[in-house]
Structures are given as structure tokens and as C-alpha cells.
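Asker: Got a structure for you, questions after.
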Amino acid sequence: MVDFLTIEELQYNDEMADIANEDLVEGIRHGIIVSNLARLLAMKLNMEDIYCYEMAKAGLLHDIGKLRLSKYLYGRGKNVLQIEEMKYVRKHSEFSYDILSKYEFSPLILESIYHHHENFDGSGYPDNLKGYDIPKGARILRTCDVFAALVSDRPYREAFEIETAVELMIDEVKNFDMEIFLAFLEMVHSAEFVKIKSIIESNKQHEELKLIM
């Protein structure tokens, strides 16, 4: 099992602390976008208020398991991940589930997070679920997570513009539930999306946040 960084490791290794801070800040920014998207998309799908609220929480927390990866990927810089490293990265949804299952989160949140990398055509992970075998919450998160990643900067590329991100998702539409994806397209062109767009643009300003001192 890959462990979290310890306080002692962060205190005596500035570079490791910087990496942990970068991962934490990126995770929070990404989670905020996914949370807002997931809640609004659930609303567009006419889900009950409590369901929409649960999806907002799932969106915020879905990648918390990645915090276990900072130590394993220490020193990676901007290099492409190796195969063995990718195996661990692909376990982050399981790590997220393991962490959150120790607290009183609902089954909806837990199953949505665990399966948020499943693709509608069965090509995803961790369980290669296909179609409607994938929990609906996970299908919502999958759509929102991909979009949020595309419109955000990554070490290996700059953020795509919203229109370009949508086009890229259309090219890979086999990965998404079509009903949810069509609601997503409607959402992106709605008045309610303006607030989320402002958050996306704000993230591109790269205001420095120091969460680990």
C-alpha cells in the first residue's frame, strides 16, 4: 500500500513538501470544478436535490486518493510516467474509496467515486464495467472529470479552450453515457454555466497557494 507523506518527511525535505503542496492545490482546484459541474449536470438530469448535493460532494472528493501518490511519484518533475507508475495512478479511485469508506459518506458517493474512471464502452477501470452496469453517479462524474481535466493546465500541456475540450470529448463520445453527455452539452451552453466558466478561467491565473508550510 502506498502511504501518505508524513509530517517528518515534509519537514526535512523542501522539494517533497513543494510537490505535495502542488498536488494538494491542483487536487482542490480540480475538485471544485468537478463538484460544480457534477451538481449542475445532475440538476439538468432532473435528479432530486439530495442527489445533486451528494454529487457535489463526490465531485469535490473524487481524487483524494491521489494524495497517496505524491510520495511514490516523488521527483517525477515533468517527465512522462513510467508503466509501473501508471499502475499506481490507476489505483487512485480505489484509494479514494478506501479513505472515504472510513467515514460516513453515502453509498452513492462511494460507488460514484470508485467507478469514476469506467468508460461506457467498457474500456475504463478499475473493473471494466460497461454501459448501465456503471453507477449513474460514476457516469456523471466521468463526464465532468474529463472536461475539468481538459480545461485545466497540466505539466505536459496547456489547458484547452472550452469549445476545444467539448470537441475532443465528442471525438471520444463512446466513453460517455449519451443521455448524460447530451445534458452536459446543454449545460455548457446554459446561463448557469457562467459561474463555472469563471472558476475555470480563475484557475488559469496560477495564483500561488501555499497549503503546506
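Chain labels follow the order of the C-alpha cells: the first chain is A, the next B, and so on; residue numbering restarts at 1 in every chain, and ligands are counted from 1 in their shown order.
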Using DSSP on the backbone coordinates, identify all residues within stretch 112-192 of chain A classified as alpha helix (DSSP H); present the result as a ChimeraX atom specification.
Answerer: /A:112-114,136-150,162-171,178-188
Asker: At a cut-off of 12 Å, using only C-alpha atoms, what residues contact A:Ser35? Leave out same-chain residues fewer than 2 positions from it and give the result as a ChimeraX atom specification.
Answerer: /A:27-33,37-42,52-63,109,113,140-145,148,196,199
Asker: Between atom CA of A:Ser106 and atom CA of A:Pro135, measure the distance and give it in Å to one decimal.
Answerer: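 Here the two named atoms are 13.6 Å from each other.
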Asker: Work out how far atom CA of A:Asp177 is from atom CA of A:Glu163, in Å to one decimal.
Answerer: 19.8 Å
Asker: With distances taken over only C-alpha atoms, which residue among A:Arg68, A:His116, A:Lys130, A:Lys204 lies nearest A:Lys174?
Answerer: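 Counting only C-alpha atoms, the residue closest to A:Lys174 is A:Lys130.
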Asker: Ranking A:Glu179, A:Glu104, A:Asp153, A:Glu158 by minimum distance to A:Phe120 and counting only C-alpha atoms, which one comes first?
Answerer: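 Looking at the shortest contact to A:Phe120, the residue is A:Glu179.
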Asker: For the atom pair atom CA of A:Leu69 and atom CA of A:Ile99, what is the interatomic distance in Å to one decimal place?
Answerer: 13.3 Å
Asker: Got a sec: who's within 9 Å of A:Ala159, counting only C-alpha atoms, leaving out chain neighbours fewer than 6 positions off, as a PyMOL selection string?
Answerer: chain A and resi 149-153+165+204
Asker: So that I can check the surroundings of stretch 166-173 of chain A, please list as a VMD selection string every protein, DNA and RNA residue that reaches within 8 Å of it, counting only C-alpha atoms and ignoring chain neighbours fewer than 4 positions away.
Answerer: chain A and resid 146 to 147 162 178 181 185
Asker: Could you dump the residues just selected with N, CA, C and O atoms as a PDB file, in the first residue's frame?
Answerer:
ATOM      1  N   VAL A 146     -13.487  14.410 -17.015  1.00  0.00           N
ATOM      2  CA  VAL A 146     -12.757  14.554 -18.276  1.00  0.00           C
ATOM      3  C   VAL A 146     -12.753  16.007 -18.726  1.00  0.00           C
ATOM      4  O   VAL A 146     -11.715  16.567 -19.093  1.00  0.00           O
ATOM      5  N   PHE A 147     -13.912  16.647 -18.677  1.00  0.00           N
ATOM      6  CA  PHE A 147     -13.992  18.047 -19.100  1.00  0.00           C
ATOM      7  C   PHE A 147     -13.113  18.932 -18.220  1.00  0.00           C
ATOM      8  O   PHE A 147     -12.356  19.771 -18.727  1.00  0.00           O
ATOM      9  N   ILE A 162     -12.657  25.930 -23.812  1.00  0.00           N
ATOM     10  CA  ILE A 162     -13.867  25.156 -23.544  1.00  0.00           C
ATOM     11  C   ILE A 162     -14.413  24.516 -24.814  1.00  0.00           C
ATOM     12  O   ILE A 162     -14.770  23.325 -24.827  1.00  0.00           O
ATOM     13  N   MET A 178     -24.687   8.557 -23.381  1.00  0.00           N
ATOM     14  CA  MET A 178     -25.162   9.573 -24.323  1.00  0.00           C
ATOM     15  C   MET A 178     -26.208  10.499 -23.701  1.00  0.00           C
ATOM     16  O   MET A 178     -26.206  11.715 -23.958  1.00  0.00           O
ATOM     17  N   PHE A 181     -24.260  12.840 -21.622  1.00  0.00           N
ATOM     18  CA  PHE A 181     -23.426  13.713 -22.441  1.00  0.00           C
ATOM     19  C   PHE A 181     -24.250  14.801 -23.124  1.00  0.00           C
ATOM     20  O   PHE A 181     -23.816  15.958 -23.214  1.00  0.00           O
ATOM     21  N   LEU A 185     -23.812  18.821 -22.731  1.00  0.00           N
ATOM     22  CA  LEU A 185     -23.715  19.815 -23.800  1.00  0.00           C
ATOM     23  C   LEU A 185     -24.708  20.955 -23.571  1.00  0.00           C
ATOM     24  O   LEU A 185     -24.383  22.137 -23.773  1.00  0.00           O
TER      25      LEU A 185
END
Asker: Find the residue from A:Ile180, A:Ala138, A:Ser190, A:Lys91 that sits nearest to A:Asn46; use only C-alpha atoms when measuring.
Answerer: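 Comparing A:Ile180, A:Ala138, A:Ser190, A:Lys91 against A:Asn46, the winner is A:Ile180.
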Asker: I need the residue nearest A:Val89 from this list: A:Lys195, A:Arg157, A:Lys66, A:His115. Use only C-alpha atoms for the distance.
Answerer: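 Between A:Lys195, A:Arg157, A:Lys66, A:His115, the residue approaching A:Val89 most closely is A:Lys66.
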